[in-house]
Every structure is written in C-alpha cells, then in structure tokens.
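coords.txt follows; it contains compact mmCIF, C-alpha atoms.
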# COMPACT_ATOMS: atom_id res chain seq x y z
CA HIS A 102 -12.04 -13.53 -60.04
CA ASN A 103 -10.62 -11.36 -57.34
CA SER A 104 -10.84 -7.65 -58.00
CA THR A 105 -8.98 -5.08 -56.06
CA SER A 106 -10.33 -1.62 -55.99
CA THR A 107 -8.09 1.28 -56.65
CA PRO A 108 -8.47 4.09 -54.14
CA VAL A 109 -10.18 7.08 -55.60
CA ARG A 110 -8.00 10.14 -55.49
CA GLU A 111 -9.60 13.43 -54.83
CA SER A 112 -8.52 16.16 -57.13
CA PRO A 113 -6.46 18.81 -55.40
CA PRO A 114 -8.30 21.99 -54.51
CA SER A 115 -8.21 24.68 -57.14
CA ASN A 116 -5.98 27.68 -56.68
CA MET A 117 -9.09 29.79 -56.11
CA SER A 118 -10.31 27.67 -53.18
CA LEU A 119 -6.82 27.59 -51.67
CA ARG A 120 -6.62 31.36 -52.07
CA ASN A 121 -10.07 31.81 -50.48
CA HIS A 122 -9.04 29.60 -47.56
CA THR A 123 -5.85 31.64 -47.10
CA ILE A 124 -7.76 34.94 -47.22
CA THR A 125 -10.38 33.62 -44.79
CA SER A 126 -7.65 32.56 -42.34
CA LYS A 127 -5.99 35.97 -42.62
CA VAL A 128 -9.30 37.82 -42.17
CA TYR A 129 -10.19 35.86 -39.02
CA ALA A 130 -6.66 36.41 -37.67
CA CYS A 131 -7.13 40.17 -38.20
CA ILE A 132 -10.51 40.08 -36.46
CA ARG A 133 -9.02 38.11 -33.57
CA ASP A 134 -6.32 40.79 -33.26
CA TYR A 135 -8.89 43.64 -33.56
CA ASN A 136 -7.20 44.76 -36.79
CA TYR A 137 -10.47 45.49 -38.58
CA ARG A 138 -8.97 47.87 -41.12
CA LYS A 139 -6.59 45.16 -42.40
CA ALA A 140 -9.48 42.66 -42.53
CA ILE A 141 -11.48 45.17 -44.61
CA GLN A 142 -8.53 45.61 -46.99
CA LEU A 143 -8.24 41.83 -47.44
CA LEU A 144 -11.98 41.44 -48.05
CA GLN A 145 -12.06 44.40 -50.45
CA SER A 146 -9.13 43.09 -52.46
CA SER A 147 -10.75 39.66 -52.72
CA LEU A 148 -13.93 41.31 -54.04
CA GLU A 149 -11.92 43.35 -56.51
CA GLU A 150 -10.21 40.17 -57.70
CA GLY A 151 -13.53 38.58 -58.55
CA ALA A 152 -14.76 36.98 -55.35
CA SER A 153 -18.55 36.87 -55.27
CA ARG A 154 -20.49 39.27 -53.10
CA SER A 155 -21.62 36.31 -51.03
CA ARG A 156 -23.32 36.43 -47.67
CA PRO A 157 -20.20 35.36 -45.72
CA VAL A 158 -17.95 37.94 -47.40
CA LEU A 159 -20.49 40.76 -47.03
CA SER A 160 -21.29 39.80 -43.45
CA LEU A 161 -17.61 39.92 -42.48
CA LEU A 162 -17.17 43.20 -44.34
CA ALA A 163 -20.18 44.77 -42.59
CA HIS A 164 -19.01 43.55 -39.18
CA CYS A 165 -15.48 44.82 -39.70
CA SER A 166 -16.71 48.17 -41.04
CA TYR A 167 -18.92 48.57 -37.95
CA GLN A 168 -16.06 47.67 -35.61
CA ASP A 169 -13.83 50.14 -37.49
CA GLU A 170 -16.53 52.78 -36.80
CA ASP A 171 -17.39 53.23 -40.48
CA TYR A 172 -21.08 53.07 -39.67
CA LEU A 173 -22.43 54.37 -42.98
CA ARG A 174 -20.42 51.77 -44.88
CA SER A 175 -21.61 49.11 -42.46
CA ALA A 176 -25.23 50.23 -42.99
CA GLU A 177 -24.84 50.07 -46.79
CA ILE A 178 -23.52 46.52 -46.59
CA TYR A 179 -26.22 45.41 -44.14
CA GLU A 180 -28.79 46.86 -46.53
CA GLU A 181 -27.31 44.70 -49.30
CA LEU A 182 -27.38 41.69 -46.97
CA ILE A 183 -31.08 42.30 -46.24
CA GLU A 184 -31.72 42.20 -49.99
CA LEU A 185 -29.83 38.89 -50.17
CA CYS A 186 -31.43 37.47 -47.01
CA PRO A 187 -34.75 39.27 -46.40
CA SER A 188 -35.74 36.95 -43.56
CA SER A 189 -32.61 37.64 -41.50
CA GLU A 190 -33.78 39.54 -38.45
CA GLN A 191 -30.21 39.93 -37.26
CA TYR A 192 -29.22 41.86 -40.40
CA GLN A 193 -32.28 44.09 -39.96
CA LEU A 194 -31.20 44.87 -36.39
CA TYR A 195 -27.59 45.56 -37.40
CA TYR A 196 -28.78 47.78 -40.26
CA VAL A 197 -30.84 49.98 -37.91
CA GLN A 198 -28.05 49.97 -35.32
CA SER A 199 -25.47 51.06 -37.94
CA LEU A 200 -27.73 53.90 -39.08
CA VAL A 201 -28.20 55.11 -35.49
CA LYS A 202 -24.44 54.99 -34.87
CA ALA A 203 -23.94 56.94 -38.14
CA GLU A 204 -26.40 59.52 -36.75
CA SER A 205 -28.60 58.95 -39.77
CA PHE A 206 -31.68 59.11 -37.57
CA ILE A 207 -34.36 59.62 -40.23
CA ASP A 208 -33.10 56.58 -42.17
CA ALA A 209 -32.82 54.60 -38.93
CA SER A 210 -36.43 55.39 -38.03
CA ARG A 211 -37.62 54.39 -41.50
CA ALA A 212 -35.59 51.17 -41.44
CA ALA A 213 -36.95 50.25 -38.00
CA VAL A 214 -40.54 50.86 -39.12
CA ALA A 215 -39.94 48.88 -42.35
CA SER A 216 -38.34 46.02 -40.42
CA LYS A 217 -40.17 42.72 -40.77
CA VAL A 218 -39.14 41.58 -37.29
CA LEU A 219 -42.12 40.21 -35.38
CA PRO A 220 -42.89 41.14 -31.76
CA SER A 221 -42.17 37.53 -30.75
CA SER A 222 -38.59 37.83 -32.05
CA PRO A 223 -35.69 38.36 -29.65
CA PHE A 224 -34.57 41.23 -31.95
CA PHE A 225 -37.88 43.15 -31.86
CA HIS A 226 -37.23 44.86 -28.52
CA ARG A 227 -33.76 46.04 -29.55
CA ILE A 228 -35.00 47.41 -32.88
CA LYS A 229 -37.78 49.32 -31.10
CA LEU A 230 -35.29 50.81 -28.61
CA LEU A 231 -33.11 51.95 -31.53
CA GLN A 232 -36.18 53.36 -33.28
CA ALA A 233 -37.12 55.30 -30.13
CA GLN A 234 -33.55 56.59 -29.83
CA ALA A 235 -33.61 57.77 -33.46
CA GLU A 236 -36.98 59.45 -32.88
CA MET A 237 -35.71 61.20 -29.74
CA GLU A 238 -32.64 62.42 -31.61
CA GLN A 239 -35.00 63.97 -34.17
CA GLY A 240 -36.97 65.69 -31.42
CA LEU A 241 -39.99 63.43 -31.99
CA LEU A 242 -40.63 62.83 -28.31
CA SER A 243 -44.28 61.72 -28.55
CA GLU A 244 -43.38 59.26 -31.33
CA ALA A 245 -40.48 57.93 -29.25
CA ALA A 246 -42.78 57.47 -26.25
CA ALA A 247 -45.30 55.62 -28.45
CA THR A 248 -42.53 53.37 -29.80
CA LEU A 249 -41.36 52.58 -26.28
CA THR A 250 -44.86 51.39 -25.35
CA GLN A 251 -44.22 48.50 -27.76
CA CYS A 252 -41.30 47.40 -25.59
CA ASN A 253 -41.27 45.28 -22.46
CA GLU A 254 -41.98 47.70 -19.62
CA LYS A 255 -40.07 45.48 -17.17
CA ASP A 256 -36.86 45.87 -19.18
CA ILE A 257 -34.41 48.28 -17.58
CA ASP A 258 -33.48 49.91 -20.95
CA THR A 259 -37.14 50.71 -21.58
CA VAL A 260 -37.62 52.11 -18.08
CA LEU A 261 -34.50 54.29 -18.40
CA SER A 262 -35.61 55.53 -21.84
CA LEU A 263 -38.95 56.70 -20.47
Represent the supplied structure as structure tokens.
Amino acid sequence: HNSTSTPVRESPPSNMSLRNHTITSKVYACIRDYNYRKAIQLLQSSLEEGASRSRPVLSLLAHCSYQDEDYLRSAEIYEELIELCPSSEQYQLYYVQSLVKAESFIDASRAAVASKVLPSSPFFHRIKLLQAQAEMEQGLLSEAAATLTQCNEKDIDTVLSL
C-alpha cells in the first residue's frame, strides 16, 4: 500500500497579524526617516485600536517620544516598561535619562537611587552620572560629589564633572 502525503497548508495570517506587520513596517520606516511624530501617531492609533501594551510597542513608543523631545512622556512609558520588565537595566537608565532631560531632577534623583542596577553593570556608571547631574541641578553639591565617588575616577566624564 503506497500512501502519498498531502502537503499541509498553513492557514493564512489573520488580518490582525497582517495589520500589525504593516504598522511595524511603517513605524520602522518613520524611525529610519527620523519622523518620530508620525511613528508615535501610528503606535498610538494601534494601541487605541486594541493592540496590547506589549514591551515592543511601549519600547518603540518611549524611544520615539524621547527622540521627539517629549521627555516626560518618554519617562512615563519607561516607568511602565520597568514595571513590565523590572530586571531591564537599560529601561532603568533610559527612565532616569528621560527625567533629567525633562528637568524633573528630584524624580530623576529618586529613580537613580531606586535603580536596581549593580555596580558591575555597564549601565551603573551612566546612571550615577545622571544622578549627580540631577543633584547638581538641585544645588545638592555635596551629594553630587558623593555620587561621583561611586564612578570610575579614570573616566573623562567623571573627571569633568568633579
């Protein structure tokens, strides 16, 4: 008995996945062209149409908001990303950086202190420099100097900050 197998046909992608793929392509094209505002509009409309507040969507939205110089919005989204991904040191850095750029120095200092980034991390040094900058902006010079002592004293940014 000779059996021939029938090829298994994959079901076509759903309209939702095709739509997501189309939006993703458009968003990355906007980013490539530095059209962050249009990328934000596309991402926002996909969220309003029921897309989940997933890590990729939020990460793109935070990045585009930062690049569009909407630093408070960027900080809010990075804060949400930290809740979703508490072990992401990169999101912790970007959160503090967004707060500093938004001139929300008290919040930036608190976020840097609350950061769970370990001294062995490549992000630790940058978070401490941002913390020191936020402290200096608040006029807390002795605190800023103490924060800088946690940084690599051979690093040019640390030396210039002192």
- Would you kindly return, as a list in words, each protein, DNA or RNA residue with an atom no farther than 10 Å from any atom of Glu204 of chain A, considering all atoms listed in the file and excluding same-chain residues fewer than 5 positions away? Tyr172, Leu173, Gln198, Ser199, Ala209, Ala235 and Glu238 of chain A
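You will find atom CA of Gln142 of chain A at 11.8 Å from atom CA of Asp169 of chain A.
Atom CA of Ser175 of chain A to atom CA of Ala247 of chain A spans 28.3 Å [interatomic distance, one decimal].
With all atoms listed in the file as the atoms that count, the minimum distance from Ala233 of chain A to the choices A:Ala140, A:Ser153, A:Val197, A:Val218 is reached by A:Val197.
Interatomic distance, atom CA of Arg138 of chain A to atom CA of Leu185 of chain A: 24.4 Å.
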- Query: Hey, what's within 12 Å of Cys131 of chain A if we count only C-alpha atoms and toss same-chain stuff fewer than 2 positions away? As number ranges by chain, please?
  - Reply: A: 124-129, 133-144, 161, 165, 168
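If all atoms listed in the file are the atoms counted, then among A:Thr123, A:Thr250, A:Gln232, A:Ser188 the closest residue to Ile207 of chain A is A:Gln232.
With all atoms listed in the file as the atoms that count, the residue of A:Val201, A:Cys186, A:Ala176, A:Cys252 with the shortest distance to Met237 of chain A is A:Val201.
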Quick one: everything within 12 Å of Ser222 of chain A, counting only C-alpha atoms, minus sequence neighbours fewer than 6 positions away in the same chain. Send it as a compact mmCIF listing (two decimals) with C-alpha atoms, in the frame of the given file.
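Saved as selection-v5.txt:
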# COMPACT_ATOMS: atom_id res chain seq x y z
CA SER A 188 -35.74 36.95 -43.56
CA SER A 189 -32.61 37.64 -41.50
CA GLU A 190 -33.78 39.54 -38.45
CA GLN A 191 -30.21 39.93 -37.26
CA GLN A 193 -32.28 44.09 -39.96
CA LEU A 194 -31.20 44.87 -36.39
CA SER A 216 -38.34 46.02 -40.42
CA ILE A 228 -35.00 47.41 -32.88
CA LYS A 229 -37.78 49.32 -31.10
CA CYS A 252 -41.30 47.40 -25.59
- May I ask which of the residues A:Ser147, A:Ser160, A:Gln239, A:Gln251 is the closest one to Pro220 of chain A, counting all atoms listed in the file? A:Gln251
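If all atoms listed in the file are the atoms counted, then among A:Leu200, A:Pro187, A:Val214, A:Ser243 the closest residue to Glu170 of chain A is A:Leu200.
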Missing atoms in segment 238-249 of chain A need filling: write out all heavy atoms for it as a tab-separated table (two decimals), keeping the file's coordinate frame.
chain	number	residue	atom	x	y	z
A	238	GLU	N	-33.70	61.60	-31.02
A	238	GLU	CA	-32.64	62.42	-31.61
A	238	GLU	C	-33.21	63.42	-32.62
A	238	GLU	O	-32.62	64.47	-32.84
A	238	GLU	CB	-31.57	61.55	-32.27
A	238	GLU	CG	-30.77	60.71	-31.31
A	238	GLU	CD	-29.80	61.50	-30.45
A	238	GLU	OE1	-29.57	62.70	-30.72
A	238	GLU	OE2	-29.26	60.92	-29.49
A	239	GLN	N	-34.35	63.08	-33.22
A	239	GLN	CA	-35.00	63.97	-34.17
A	239	GLN	C	-35.95	64.95	-33.48
A	239	GLN	O	-36.60	65.76	-34.14
A	239	GLN	CB	-35.80	63.16	-35.20
A	239	GLN	CG	-34.97	62.28	-36.10
A	239	GLN	CD	-35.87	61.39	-36.93
A	239	GLN	OE1	-36.51	61.85	-37.86
A	239	GLN	NE2	-35.93	60.11	-36.59
A	240	GLY	N	-36.06	64.82	-32.15
A	240	GLY	CA	-36.97	65.69	-31.42
A	240	GLY	C	-38.42	65.22	-31.47
A	240	GLY	O	-39.33	65.96	-31.12
A	241	LEU	N	-38.62	63.99	-31.89
A	241	LEU	CA	-39.99	63.43	-31.99
A	241	LEU	C	-40.32	62.68	-30.70
A	241	LEU	O	-40.42	61.46	-30.67
A	241	LEU	CB	-40.07	62.49	-33.21
A	241	LEU	CG	-39.65	63.10	-34.55
A	241	LEU	CD1	-39.59	62.02	-35.63
A	241	LEU	CD2	-40.62	64.21	-34.95
A	242	LEU	N	-40.49	63.44	-29.63
A	242	LEU	CA	-40.63	62.83	-28.31
A	242	LEU	C	-41.90	62.01	-28.16
A	242	LEU	O	-41.89	60.94	-27.56
A	242	LEU	CB	-40.53	63.90	-27.23
A	242	LEU	CG	-39.22	64.70	-27.24
A	242	LEU	CD1	-39.20	65.71	-26.10
A	242	LEU	CD2	-38.02	63.78	-27.18
A	243	SER	N	-43.03	62.50	-28.69
A	243	SER	CA	-44.28	61.72	-28.55
A	243	SER	C	-44.21	60.43	-29.36
A	243	SER	O	-44.69	59.38	-28.91
A	243	SER	CB	-45.50	62.55	-28.94
A	243	SER	OG	-45.41	62.97	-30.28
A	244	GLU	N	-43.55	60.47	-30.53
A	244	GLU	CA	-43.38	59.26	-31.33
A	244	GLU	C	-42.47	58.26	-30.61
A	244	GLU	O	-42.73	57.06	-30.59
A	244	GLU	CB	-42.78	59.58	-32.72
A	244	GLU	CG	-43.75	60.25	-33.66
A	244	GLU	CD	-43.78	61.77	-33.52
A	244	GLU	OE1	-43.33	62.30	-32.47
A	244	GLU	OE2	-44.28	62.44	-34.44
A	245	ALA	N	-41.41	58.79	-30.00
A	245	ALA	CA	-40.48	57.93	-29.25
A	245	ALA	C	-41.20	57.26	-28.08
A	245	ALA	O	-41.03	56.06	-27.83
A	245	ALA	CB	-39.29	58.73	-28.75
A	246	ALA	N	-42.03	58.03	-27.37
A	246	ALA	CA	-42.78	57.47	-26.25
A	246	ALA	C	-43.74	56.38	-26.75
A	246	ALA	O	-43.87	55.32	-26.12
A	246	ALA	CB	-43.55	58.57	-25.53
A	247	ALA	N	-44.39	56.62	-27.89
A	247	ALA	CA	-45.30	55.62	-28.45
A	247	ALA	C	-44.54	54.36	-28.85
A	247	ALA	O	-45.00	53.23	-28.64
A	247	ALA	CB	-46.05	56.20	-29.65
A	248	THR	N	-43.36	54.53	-29.41
A	248	THR	CA	-42.53	53.37	-29.80
A	248	THR	C	-42.14	52.57	-28.57
A	248	THR	O	-42.18	51.34	-28.57
A	248	THR	CB	-41.28	53.84	-30.57
A	248	THR	OG1	-41.70	54.49	-31.77
A	248	THR	CG2	-40.38	52.67	-30.93
A	249	LEU	N	-41.77	53.27	-27.50
A	249	LEU	CA	-41.36	52.58	-26.28
A	249	LEU	C	-42.49	51.78	-25.65
A	249	LEU	O	-42.24	50.79	-24.96
A	249	LEU	CB	-40.78	53.57	-25.27
A	249	LEU	CG	-39.40	54.12	-25.63
A	249	LEU	CD1	-39.01	55.24	-24.67
A	249	LEU	CD2	-38.36	53.02	-25.65
